[in-house]
>>> print(open('target.cif').read())   # mmCIF, C-alpha atoms (C1' of nucleotides)
data_data
loop_
_atom_site.label_atom_id
_atom_site.label_comp_id
_atom_site.auth_asym_id
_atom_site.auth_seq_id
_atom_site.Cartn_x
_atom_site.Cartn_y
_atom_site.Cartn_z
CA MET J 1 23.46 -99.69 15.89
CA ALA J 2 24.47 -97.98 12.70
CA ASN J 3 23.20 -94.61 13.93
CA GLU J 4 25.86 -93.49 16.37
CA LYS J 5 25.66 -89.71 16.63
CA LYS J 6 29.12 -88.25 16.21
CA ILE J 7 28.63 -85.78 19.04
CA ASP J 8 27.98 -88.67 21.45
CA CYS J 9 31.13 -90.45 20.31
CA VAL J 10 33.41 -87.41 20.62
CA ILE J 11 32.12 -86.67 24.09
CA LEU J 12 32.54 -90.28 25.19
CA GLY J 13 36.01 -90.26 23.66
CA LEU J 14 36.99 -87.23 25.72
CA LEU J 15 35.35 -88.64 28.86
CA SER J 16 37.25 -91.91 28.38
CA HIS J 17 40.42 -90.02 29.37
CA GLU J 18 39.09 -87.83 32.18
CA GLU J 19 36.02 -86.44 33.88
CA LEU J 20 34.88 -83.18 32.35
CA THR J 21 32.19 -80.49 32.49
CA GLY J 22 30.33 -79.44 29.35
CA TYR J 23 32.37 -76.28 29.28
CA GLU J 24 35.65 -78.20 29.45
CA ILE J 25 34.46 -80.48 26.64
CA LYS J 26 33.89 -77.41 24.49
CA LYS J 27 37.40 -76.20 25.38
CA ARG J 28 38.93 -79.50 24.25
CA MET J 29 37.05 -79.14 20.95
CA ASP J 30 38.42 -75.64 20.49
CA THR J 31 42.03 -76.64 21.16
CA SER J 32 43.08 -80.29 20.71
CA LEU J 33 40.33 -81.28 18.27
CA LYS J 34 40.05 -77.93 16.53
CA TYR J 35 42.01 -79.03 13.46
CA PHE J 36 39.63 -81.80 12.50
CA TRP J 37 36.47 -81.48 14.60
CA ASN J 38 34.25 -78.97 16.36
CA ALA J 39 30.88 -78.72 18.08
CA SER J 40 28.75 -76.02 19.65
CA TYR J 41 27.23 -75.78 23.12
CA GLY J 42 23.88 -76.30 21.46
CA SER J 43 24.88 -79.86 20.64
CA ILE J 44 27.13 -80.60 23.63
CA TYR J 45 24.67 -79.91 26.46
CA PRO J 46 21.68 -81.78 25.02
CA ALA J 47 24.03 -84.68 24.14
CA LEU J 48 25.31 -84.82 27.74
CA ASN J 49 21.74 -85.02 29.09
CA ASP J 50 21.01 -87.73 26.57
CA LEU J 51 24.13 -89.74 27.45
CA VAL J 52 23.17 -89.68 31.13
CA ASN J 53 19.60 -90.77 30.33
CA ARG J 54 20.93 -93.68 28.29
CA GLY J 55 23.35 -94.73 31.03
CA LEU J 56 26.47 -94.05 28.94
CA ALA J 57 27.65 -91.30 31.29
CA THR J 58 26.97 -90.16 34.84
CA ARG J 59 26.66 -86.65 36.19
CA ARG J 60 27.53 -85.31 39.60
CA GLU J 61 27.68 -81.87 41.14
CA ASP J 62 31.05 -80.51 42.11
CA GLY J 63 31.01 -80.29 45.92
CA LYS J 64 34.03 -78.02 46.06
CA SER J 65 32.44 -75.35 43.89
CA LYS J 66 29.48 -73.13 44.77
CA ARG J 67 28.95 -72.83 41.07
CA ASN J 68 26.30 -74.81 39.24
CA LYS J 69 29.07 -77.10 38.01
CA LEU J 70 28.21 -80.54 36.61
CA ILE J 71 30.98 -83.07 36.18
CA TYR J 72 30.46 -85.93 33.73
CA SER J 73 32.09 -89.39 33.79
CA ILE J 74 31.92 -92.27 31.35
CA THR J 75 30.26 -95.53 32.47
CA ASP J 76 31.23 -99.08 31.49
CA GLU J 77 28.35 -99.10 29.01
CA GLY J 78 29.63 -95.79 27.67
CA ARG J 79 33.11 -97.21 27.19
CA HIS J 80 31.63 -100.23 25.47
CA TYR J 81 29.61 -97.98 23.15
CA LEU J 82 32.70 -95.93 22.31
CA LYS J 83 34.80 -99.00 21.57
CA LYS J 84 32.13 -100.38 19.29
CA TRP J 85 31.97 -97.12 17.34
CA LEU J 86 35.76 -96.87 17.07
CA ILE J 87 36.06 -100.07 15.04
CA LEU J 88 33.17 -99.25 12.68
CA PRO J 89 34.28 -97.94 9.27
CA VAL J 90 34.42 -94.16 8.86
CA GLU J 91 31.23 -92.81 7.29
CA LYS J 92 32.33 -89.41 6.06
CA ASP J 93 35.26 -87.03 6.01
CA GLU J 94 34.28 -83.52 5.10
CA PHE J 95 36.11 -80.44 3.94
CA ARG J 96 33.97 -77.34 3.65
CA CYS J 97 36.05 -74.41 2.53
CA GLU J 98 34.37 -71.08 1.97
CA THR J 99 37.67 -69.65 0.73
CA LEU J 100 37.77 -72.14 -2.15
CA LEU J 101 34.08 -71.54 -2.82
CA LYS J 102 34.64 -67.82 -3.25
CA LEU J 103 37.71 -68.54 -5.33
CA PHE J 104 35.75 -70.90 -7.59
CA PHE J 105 33.47 -68.00 -8.49
CA GLY J 106 36.44 -65.63 -8.49
CA ASN J 107 35.98 -64.59 -12.13
CA GLU J 108 32.90 -62.61 -11.12
CA GLN J 109 34.95 -60.08 -9.14
CA GLY J 110 38.48 -60.52 -10.50
CA ALA J 111 42.02 -61.31 -9.40
CA GLU J 112 42.43 -58.58 -6.74
CA HIS J 113 39.59 -59.88 -4.62
CA ALA J 114 40.69 -63.47 -5.13
CA ILE J 115 44.19 -62.59 -3.91
CA SER J 116 42.70 -60.91 -0.82
CA HIS J 117 40.82 -64.07 0.09
CA ILE J 118 43.93 -66.19 -0.41
CA GLU J 119 45.97 -63.83 1.77
CA ALA J 120 43.39 -63.93 4.56
CA PHE J 121 43.43 -67.73 4.43
CA GLU J 122 47.24 -67.68 4.46
CA ARG J 123 47.32 -65.46 7.55
CA LYS J 124 44.86 -67.67 9.38
CA ILE J 125 46.85 -70.83 8.66
CA ALA J 126 50.21 -69.20 9.38
CA LYS J 127 48.86 -68.12 12.76
CA GLU J 128 47.68 -71.60 13.72
CA LEU J 129 50.68 -73.60 12.49
CA PRO J 130 52.97 -72.63 15.44
CA TYR J 131 50.51 -74.16 17.92
CA LEU J 132 50.65 -77.43 16.03
CA LEU J 133 54.44 -77.34 15.89
CA ARG J 134 54.58 -76.75 19.62
CA ALA J 135 52.16 -79.62 20.23
CA GLU J 136 54.39 -81.85 18.08
CA GLU J 137 57.43 -80.95 20.18
CA THR J 138 55.61 -81.51 23.47
CA LEU J 139 54.21 -84.86 22.38
CA ASN J 140 57.54 -86.07 21.04
CA ALA J 141 59.13 -85.24 24.40
CA CYS J 142 56.70 -87.41 26.36
CA LEU J 143 55.79 -90.10 23.86
CA GLU J 144 56.66 -92.97 26.18
CA GLU J 145 54.61 -91.64 29.06
CA ASP J 146 51.23 -92.63 27.71
CA THR J 147 50.41 -94.75 24.65
CA SER J 148 47.60 -92.29 23.81
CA HIS J 149 50.26 -89.77 22.85
CA ILE J 150 51.13 -91.78 19.76
CA TYR J 151 47.65 -91.20 18.40
CA TYR J 152 47.56 -87.55 19.36
CA LEU J 153 50.87 -87.10 17.58
CA LEU J 154 49.53 -88.68 14.38
CA THR J 155 46.69 -86.17 14.20
CA VAL J 156 49.08 -83.31 14.91
CA GLU J 157 51.38 -84.52 12.12
CA PHE J 158 48.40 -84.54 9.80
CA GLY J 159 47.62 -80.95 10.74
CA ILE J 160 51.21 -79.78 10.27
CA LYS J 161 51.61 -81.44 6.87
CA THR J 162 48.32 -80.15 5.48
CA TYR J 163 48.82 -76.63 6.87
CA GLN J 164 52.26 -76.48 5.28
CA THR J 165 50.72 -77.61 2.00
CA TYR J 166 48.02 -74.95 2.28
CA LEU J 167 50.72 -72.30 2.71
CA GLU J 168 52.61 -73.58 -0.35
CA TRP J 169 49.42 -73.47 -2.37
CA CYS J 170 48.68 -69.92 -1.22
CA LYS J 171 52.09 -68.80 -2.45
CA GLU J 172 51.71 -70.49 -5.82
CA ALA J 173 48.09 -69.41 -6.28
CA LYS J 174 48.98 -65.77 -5.65
CA GLU J 175 51.90 -65.95 -8.09
CA PHE J 176 49.68 -67.57 -10.71
CA LEU J 177 47.02 -64.88 -10.37
CA LYS J 178 49.60 -62.09 -10.57
CA GLU J 179 51.09 -63.64 -13.73
CA GLN J 180 47.66 -63.94 -15.33
CA ARG J 181 46.92 -60.34 -14.50
CA ALA J 182 50.10 -59.16 -16.25
CA MET S 183 23.45 -58.08 5.06
CA ALA S 184 25.86 -60.11 7.13
CA ASN S 185 23.59 -63.15 7.05
CA GLU S 186 24.09 -64.53 3.56
CA LYS S 187 23.22 -68.19 3.62
CA LYS S 188 25.97 -70.16 1.97
CA ILE S 189 23.53 -72.38 0.10
CA ASP S 190 22.03 -69.30 -1.61
CA CYS S 191 25.47 -68.07 -2.62
CA VAL S 192 26.64 -71.40 -4.09
CA ILE S 193 23.44 -71.74 -6.09
CA LEU S 194 23.67 -68.17 -7.39
CA GLY S 195 27.33 -68.79 -8.21
CA LEU S 196 26.43 -71.82 -10.31
CA LEU S 197 23.50 -70.01 -11.93
CA SER S 198 25.77 -67.09 -12.79
CA HIS S 199 27.43 -69.37 -15.38
CA GLU S 200 24.39 -71.17 -16.77
CA GLU S 201 20.72 -71.99 -16.28
CA LEU S 202 20.24 -75.14 -14.22
CA THR S 203 17.62 -77.38 -12.63
CA GLY S 204 17.81 -78.32 -8.96
CA TYR S 205 18.99 -81.74 -9.98
CA GLU S 206 21.78 -80.33 -12.13
CA ILE S 207 22.85 -78.05 -9.26
CA LYS S 208 23.19 -81.12 -7.05
CA LYS S 209 25.27 -82.80 -9.77
CA ARG S 210 27.65 -79.83 -9.92
CA MET S 211 28.05 -80.08 -6.13
CA ASP S 212 28.87 -83.77 -6.41
CA THR S 213 31.50 -83.28 -9.11
CA SER S 214 33.15 -79.86 -9.54
CA LEU S 215 32.56 -78.61 -5.99
CA LYS S 216 32.84 -81.98 -4.25
CA TYR S 217 36.39 -81.35 -2.99
CA PHE S 218 35.48 -78.31 -0.94
CA TRP S 219 31.71 -78.02 -0.75
CA ASN S 220 28.51 -80.08 -0.74
CA ALA S 221 24.80 -79.74 -0.17
CA SER S 222 21.77 -82.01 -0.07
CA TYR S 223 18.47 -81.83 -1.97
CA GLY S 224 16.88 -80.92 1.33
CA SER S 225 18.70 -77.59 1.25
CA ILE S 226 18.84 -77.02 -2.52
CA TYR S 227 15.10 -77.18 -3.32
CA PRO S 228 13.90 -74.97 -0.45
CA ALA S 229 16.70 -72.50 -1.26
CA LEU S 230 15.61 -72.35 -4.91
CA ASN S 231 12.03 -71.55 -3.90
CA ASP S 232 13.34 -68.90 -1.57
CA LEU S 233 15.61 -67.34 -4.19
CA VAL S 234 12.65 -67.05 -6.59
CA ASN S 235 10.45 -65.48 -3.88
CA ARG S 236 13.17 -62.92 -3.16
CA GLY S 237 13.62 -62.09 -6.84
CA LEU S 238 17.23 -63.33 -6.96
CA ALA S 239 16.36 -66.09 -9.45
CA THR S 240 13.55 -66.91 -11.85
CA ARG S 241 11.98 -70.26 -12.57
CA ARG S 242 10.45 -71.54 -15.81
CA GLU S 243 9.14 -74.89 -16.96
CA ASP S 244 11.04 -76.66 -19.70
CA GLY S 245 8.75 -76.65 -22.73
CA LYS S 246 10.74 -79.33 -24.53
CA SER S 247 10.37 -81.86 -21.73
CA LYS S 248 7.18 -83.59 -20.61
CA ARG S 249 8.90 -84.04 -17.29
CA ASN S 250 8.17 -81.79 -14.34
CA LYS S 251 11.40 -79.98 -15.07
CA LEU S 252 12.04 -76.51 -13.60
CA ILE S 253 14.88 -74.44 -14.99
CA TYR S 254 16.34 -71.67 -12.82
CA SER S 255 18.11 -68.50 -13.99
CA ILE S 256 19.85 -65.77 -12.06
CA THR S 257 18.38 -62.24 -12.12
CA ASP S 258 20.26 -58.93 -12.05
CA GLU S 259 19.46 -58.62 -8.36
CA GLY S 260 20.76 -62.16 -7.89
CA ARG S 261 24.01 -61.30 -9.63
CA HIS S 262 24.32 -58.19 -7.50
CA TYR S 263 23.75 -60.22 -4.33
CA LEU S 264 26.37 -62.77 -5.41
CA LYS S 265 28.96 -60.09 -6.18
CA LYS S 266 28.38 -58.44 -2.84
CA TRP S 267 28.91 -61.74 -1.02
CA LEU S 268 32.03 -62.58 -3.04
CA ILE S 269 33.95 -59.58 -1.72
CA LEU S 270 32.95 -60.08 1.91
CA PRO S 271 35.64 -61.72 4.06
CA VAL S 272 35.40 -65.50 4.49
CA GLU S 273 33.59 -66.42 7.70
CA LYS S 274 34.67 -70.01 8.21
CA ASP S 275 36.66 -72.81 6.62
CA GLU S 276 35.89 -76.17 8.11
CA PHE S 277 37.56 -79.56 8.10
CA ARG S 278 35.57 -82.28 9.76
CA CYS S 279 37.43 -85.56 9.58
CA GLU S 280 35.93 -88.61 11.20
CA THR S 281 39.06 -90.59 10.33
CA LEU S 282 41.21 -88.28 12.47
CA LEU S 283 38.60 -88.35 15.21
CA LYS S 284 38.73 -92.13 15.42
CA LEU S 285 42.50 -91.97 15.24
CA PHE S 286 42.65 -89.46 18.10
CA PHE S 287 40.91 -92.01 20.33
CA GLY S 288 42.92 -94.82 18.71
CA ASN S 289 44.54 -95.92 21.95
CA GLU S 290 41.21 -97.37 23.06
CA GLN S 291 41.30 -100.08 20.38
CA GLY S 292 44.98 -100.22 19.39
CA ALA S 293 47.24 -99.96 16.34
CA GLU S 294 45.58 -102.60 14.12
CA HIS S 295 42.27 -100.78 14.02
CA ALA S 296 43.99 -97.43 13.59
CA ILE S 297 45.90 -98.77 10.59
CA SER S 298 42.64 -100.05 9.08
CA HIS S 299 41.09 -96.60 9.27
CA ILE S 300 44.18 -95.01 7.74
CA GLU S 301 44.15 -97.54 4.90
CA ALA S 302 40.47 -96.92 4.18
CA PHE S 303 41.15 -93.18 4.06
CA GLU S 304 44.15 -93.81 1.79
CA ARG S 305 42.05 -95.86 -0.63
CA LYS S 306 39.35 -93.21 -0.79
CA ILE S 307 41.83 -90.42 -1.54
CA ALA S 308 43.83 -92.52 -4.03
CA LYS S 309 40.60 -93.20 -5.89
CA GLU S 310 39.62 -89.54 -6.15
CA LEU S 311 43.02 -88.07 -7.02
CA PRO S 312 42.96 -89.24 -10.70
CA TYR S 313 39.76 -87.23 -11.32
CA LEU S 314 41.48 -84.11 -10.05
CA LEU S 315 44.57 -84.79 -12.18
CA ARG S 316 42.37 -85.22 -15.24
CA ALA S 317 40.53 -81.98 -14.44
CA GLU S 318 43.89 -80.22 -14.14
CA GLU S 319 44.94 -81.46 -17.58
CA THR S 320 41.64 -80.47 -19.17
CA LEU S 321 41.69 -77.00 -17.63
CA ASN S 322 45.31 -76.39 -18.59
CA ALA S 323 44.45 -77.28 -22.19
CA CYS S 324 41.71 -74.64 -22.45
CA LEU S 325 42.87 -72.00 -20.02
CA GLU S 326 42.63 -69.15 -22.54
CA GLU S 327 39.09 -70.02 -23.59
CA ASP S 328 37.37 -68.58 -20.55
CA THR S 329 38.86 -66.52 -17.71
CA SER S 330 36.75 -68.56 -15.24
CA HIS S 331 39.02 -71.52 -15.93
CA ILE S 332 41.86 -69.82 -14.06
CA TYR S 333 39.81 -69.92 -10.87
CA TYR S 334 38.61 -73.46 -11.41
CA LEU S 335 42.22 -74.52 -11.90
CA LEU S 336 43.29 -72.92 -8.61
CA THR S 337 40.75 -74.97 -6.67
CA VAL S 338 41.79 -78.12 -8.52
CA GLU S 339 45.44 -77.43 -7.70
CA PHE S 340 44.47 -77.07 -4.06
CA GLY S 341 42.74 -80.44 -4.18
CA ILE S 342 45.69 -82.16 -5.85
CA LYS S 343 48.26 -80.77 -3.45
CA THR S 344 46.28 -81.60 -0.32
CA TYR S 345 45.32 -85.07 -1.55
CA GLN S 346 48.98 -85.84 -2.29
CA THR S 347 49.86 -84.65 1.19
CA TYR S 348 47.14 -86.85 2.70
CA LEU S 349 48.64 -89.85 0.90
CA GLU S 350 52.13 -89.03 2.18
CA TRP S 351 50.79 -88.74 5.70
CA CYS S 352 48.97 -92.09 5.38
CA LYS S 353 52.23 -93.78 4.43
CA GLU S 354 54.18 -92.21 7.29
CA ALA S 355 51.43 -92.75 9.85
CA LYS S 356 51.20 -96.44 9.00
CA GLU S 357 54.98 -96.83 9.24
CA PHE S 358 55.01 -95.03 12.57
CA LEU S 359 52.30 -97.26 14.00
CA LYS S 360 54.03 -100.41 12.78
CA GLU S 361 57.31 -99.27 14.37
CA GLN S 362 55.59 -98.53 17.66
CA ARG S 363 53.94 -101.92 17.63
CA ALA S 364 57.30 -103.68 17.21
"C1'" DA C 365 9.02 -105.85 -28.47
"C1'" DT C 366 9.33 -106.09 -23.72
"C1'" DT C 367 11.34 -105.63 -19.51
"C1'" DA C 368 14.79 -104.27 -16.27
"C1'" DT C 369 17.90 -100.88 -14.83
"C1'" DA C 370 20.01 -96.53 -14.38
"C1'" DA C 371 19.49 -91.77 -14.62
"C1'" DT C 372 16.75 -87.62 -14.28
"C1'" DA C 373 13.79 -84.69 -11.46
"C1'" DT C 374 11.27 -82.67 -7.51
"C1'" DA C 375 9.81 -82.77 -2.91
"C1'" DT C 376 9.29 -83.59 2.09
"C1'" DC C 377 10.55 -84.55 6.91
"C1'" DA C 378 12.43 -86.27 11.24
"C1'" DA C 379 16.59 -85.87 13.35
"C1'" DT C 380 20.52 -82.87 14.12
"C1'" DA C 381 23.58 -79.03 14.50
"C1'" DT C 382 24.75 -74.22 14.48
"C1'" DG C 383 25.27 -69.71 16.17
"C1'" DA C 384 23.51 -66.45 18.88
"C1'" DT C 385 21.92 -65.13 23.09
"C1'" DA C 386 20.72 -65.09 28.11
"C1'" DT C 387 22.11 -65.64 32.70
"C1'" DA C 388 25.11 -65.75 36.51
"C1'" DC C 389 29.10 -66.82 39.18
"C1'" DT C 390 34.36 -66.40 40.09
"C1'" DA C 391 39.11 -65.07 39.62
"C1'" DT C 392 42.32 -61.48 38.49
"C1'" DA C 393 44.15 -57.22 37.52
"C1'" DC C 394 44.29 -52.41 38.21
"C1'" DG I 395 36.46 -51.87 45.17
"C1'" DT I 396 35.29 -52.51 40.63
"C1'" DA I 397 35.90 -53.65 35.89
"C1'" DT I 398 37.21 -57.39 32.90
"C1'" DA I 399 37.94 -61.89 31.42
"C1'" DG I 400 36.98 -66.49 32.13
"C1'" DT I 401 34.00 -70.27 33.77
"C1'" DA I 402 29.56 -72.63 33.38
"C1'" DT I 403 24.90 -74.08 31.88
"C1'" DA I 404 21.02 -73.58 29.03
"C1'" DT I 405 17.78 -72.51 25.23
"C1'" DC I 406 15.98 -71.55 20.62
"C1'" DA I 407 15.20 -70.05 15.91
"C1'" DT I 408 17.21 -71.25 11.88
"C1'" DA I 409 19.62 -74.33 8.82
"C1'" DT I 410 21.13 -78.86 7.12
"C1'" DT I 411 21.45 -83.66 6.48
"C1'" DG I 412 20.18 -88.09 5.06
"C1'" DA I 413 16.63 -90.79 4.06
"C1'" DT I 414 12.68 -91.59 1.65
"C1'" DA I 415 8.78 -91.13 -1.69
"C1'" DT I 416 7.24 -90.53 -6.21
"C1'" DA I 417 7.42 -90.47 -11.09
"C1'" DT I 418 9.31 -89.92 -15.64
"C1'" DT I 419 12.68 -91.02 -19.35
"C1'" DA I 420 16.64 -93.18 -21.56
"C1'" DT I 421 19.35 -97.16 -22.27
"C1'" DA I 422 20.60 -101.93 -22.24
"C1'" DA I 423 19.50 -106.67 -22.18
"C1'" DT I 424 16.86 -110.56 -23.54
#
>>> encode(input="target.cif", output="structure tokens")
Amino acid sequence: MANEKKIDCVILGLLSHEELTGYEIKKRMDTSLKYFWNASYGSIYPALNDLVNRGLATRREDGKSKRNKLIYSITDEGRHYLKKWLILPVEKDEFRCETLLKLFFGNEQGAEHAISHIEAFERKIAKELPYLLRAEETLNACLEEDTSHIYYLLTVEFGIKTYQTYLEWCKEAKEFLKEQRA
Amino acid sequence: MANEKKIDCVILGLLSHEELTGYEIKKRMDTSLKYFWNASYGSIYPALNDLVNRGLATRREDGKSKRNKLIYSITDEGRHYLKKWLILPVEKDEFRCETLLKLFFGNEQGAEHAISHIEAFERKIAKELPYLLRAEETLNACLEEDTSHIYYLLTVEFGIKTYQTYLEWCKEAKEFLKEQRA
DNA sequence: ATTATAATATATCAATATGATATACTATAC
DNA sequence: GTATAGTATATCATATTGATATATTATAAT
């Protein structure tokens, strides 16, 4: 039981709220979950087949669409599996930052290049922060509607706080490098 | 040229400072780089063989040790490869947080379980922060010694700031959940 | 002195995941 | 009417993890 694949759990988590196609699951990953999780089609589609084979999800064709559209739903066993995973202790949280990696070896190419990497990181974060702030506003406005929103809001707050910290660090790091250069 | 494997670049980066064995490379990953990068033996040893085959590193046996100890050094081509990679724009920074994932689906099991996960995360971060603070002190004390230290310090500062932010968020998130429960 | 334990060191492999690509349909904008 | 963007599924070579195997050496305990 200790070998729950994360991709299975995320998919079941998403399906526990609503029926979805593989494509829609990927979209959720790229928007709501983006700030702390992601997955590729190459893991989503095989996982969906696997979940159906194991009876944790069911698949049906969309009658309304002429498209080869497959809609997935969670089963009772699937919900049971998800719930079991949710109370297990977290195995690993991972931060893999290529920007910091390049910065760590920054001495090899000097302050100018390091500053460029920091600025690119800064731009990326500054661009994403507004989406999180908007999500915070939206969720705060309809917090009572659905108890799930409390949990969504907590992850959004995490994103906002860390992104703001990243931006602070960018500012300080650039100043530090410019001082050192002088 | 666009396909630089990250594992090759990290290893070359570490070798650009000093000769190392595969085992020592893994140790560096688990200490200095831990806060923003990691790799397993299963990627380090094959990558080392590959780097030697491509002429980016050389391997020699340690004469002083009876152990099957292989010491790796960077070559000029290796250093050139590293430098080229260092100025390329960052492709991806990734945060993959199982704690936030479980929290996102927290409604399924309720506030008690969510608080448990937050507390476990809090303990883990609180345990690691002192190492970063000590590294900061050490680096500040010998900043002039080696210009590399500037860059090491920047990554340590990033770690400290984000870890402190994580701890703040943990406190607030717990309070929020306790309020909601009441 | 002997034994147990922890640390050093390399290597392999099944299970997984990524990132890229292929294919094709549908809605919309011009 | 036709180009473009979005929707939708699928596959595959390559890369990575996490676990495991094996063996040596240093240190601590008895």
>>> interface_residues(input="target.cif", of="chain S", to="chain J", cutoff="6 Å", atoms="all atoms listed in the file", output="list in words")
Phe218, Trp219, Leu268, Asp275, Glu276, Phe277, Arg278, Cys279, Glu280, Lys284, Phe286, Gly288, Asn289, Ser330, Tyr333 and Tyr334 of chain S
>>> closest_residue(input="target.cif", among="J:Lys69, J:Lys5, J:Lys171, J:Lys124", to="chain I", atoms="all atoms listed in the file")
J:Lys69
>>> resolve_selection(input="target.cif", expression="the PyMOL selection byres ((chain S) within 9 of (chain I))", output="list in words")
Lys187, Ala221, Ser222, Gly224, Ser225, Lys248, Arg249 and Asn250 of chain S
>>> closest_residue(input="target.cif", among="C:DT380, C:DT392, C:DT387, C:DT372", to="chain S", atoms="all atoms listed in the file")
C:DT372
>>> closest_atom_pairs(input="target.cif", of="chain C", to="chain J", cutoff="9 Å", atoms="all atoms listed in the file", output="CSV")
residue,atom,partner,partner_atom,distance
C:DT380,C1',J:Ser43,CA,8.4
C:DA381,C1',J:Ser43,CA,6.3
C:DT382,C1',J:Ser40,CA,6.8
C:DG383,C1',J:Ser40,CA,8.0
C:DC389,C1',J:Arg67,CA,6.3
C:DT390,C1',J:Arg67,CA,8.5
>>> closest_residue(input="target.cif", among="C:DA393, C:DA388, C:DA378, C:DA373", to="Ile207 (chain S)", atoms="only C-alpha atoms (C1' of nucleotides)")
C:DA373
>>> atom_distance(input="target.cif", atom1="CA of Glu122 (chain J)", atom2="CA of Glu136 (chain J)")
20.9 Å
>>> atom_distance(input="target.cif", atom1="CA of Glu357 (chain S)", atom2="CA of Ile342 (chain S)")
23.0 Å
>>> atom_distance(input="target.cif", atom1="CA of Ala47 (chain J)", atom2="C1' of DC377 (chain C)")
21.9 Å
>>> axis_aligned_box(input="target.cif", around="region 215-222 of chain S", padding_each_side="4 Å", output="JSON")
{"center_x": 29.1, "center_y": -80.0, "center_z": -3.0, "size_x": 22.6, "size_y": 12.0, "size_z": 13.9}
>>> build_atoms(input="target.cif", residues="region 147-162 of chain J", atoms="N, CA and C atoms", output="compact mmCIF listing (two decimals), keeping the file's coordinate frame")
# COMPACT_ATOMS: atom_id res chain seq x y z
N THR J 147 50.55 -94.27 26.03
CA THR J 147 50.41 -94.75 24.65
C THR J 147 49.42 -93.91 23.84
N SER J 148 48.52 -93.20 24.51
CA SER J 148 47.60 -92.29 23.81
C SER J 148 48.36 -91.25 22.99
N HIS J 149 49.51 -90.84 23.49
CA HIS J 149 50.26 -89.77 22.85
C HIS J 149 50.64 -90.08 21.42
N ILE J 150 50.85 -91.35 21.14
CA ILE J 150 51.13 -91.78 19.76
C ILE J 150 50.03 -91.32 18.82
N TYR J 151 48.80 -91.52 19.25
CA TYR J 151 47.65 -91.20 18.40
C TYR J 151 47.43 -89.70 18.30
N TYR J 152 47.66 -89.01 19.40
CA TYR J 152 47.56 -87.55 19.36
C TYR J 152 48.58 -87.01 18.36
N LEU J 153 49.79 -87.57 18.45
CA LEU J 153 50.87 -87.10 17.58
C LEU J 153 50.52 -87.29 16.10
N LEU J 154 49.90 -88.42 15.78
CA LEU J 154 49.53 -88.68 14.38
C LEU J 154 48.58 -87.61 13.85
N THR J 155 47.62 -87.20 14.67
CA THR J 155 46.69 -86.17 14.20
C THR J 155 47.38 -84.81 14.09
N VAL J 156 48.31 -84.56 14.99
CA VAL J 156 49.08 -83.31 14.91
C VAL J 156 49.94 -83.29 13.65
N GLU J 157 50.55 -84.43 13.33
CA GLU J 157 51.38 -84.52 12.12
C GLU J 157 50.53 -84.26 10.88
N PHE J 158 49.33 -84.78 10.90
CA PHE J 158 48.40 -84.54 9.80
C PHE J 158 48.16 -83.03 9.65
N GLY J 159 47.87 -82.39 10.76
CA GLY J 159 47.62 -80.95 10.74
C GLY J 159 48.82 -80.17 10.21
N ILE J 160 50.00 -80.50 10.70
CA ILE J 160 51.21 -79.78 10.27
C ILE J 160 51.43 -79.94 8.76
N LYS J 161 51.36 -81.17 8.29
CA LYS J 161 51.61 -81.44 6.87
C LYS J 161 50.59 -80.72 5.97
N THR J 162 49.33 -80.79 6.34
CA THR J 162 48.32 -80.15 5.48
C THR J 162 48.43 -78.62 5.56
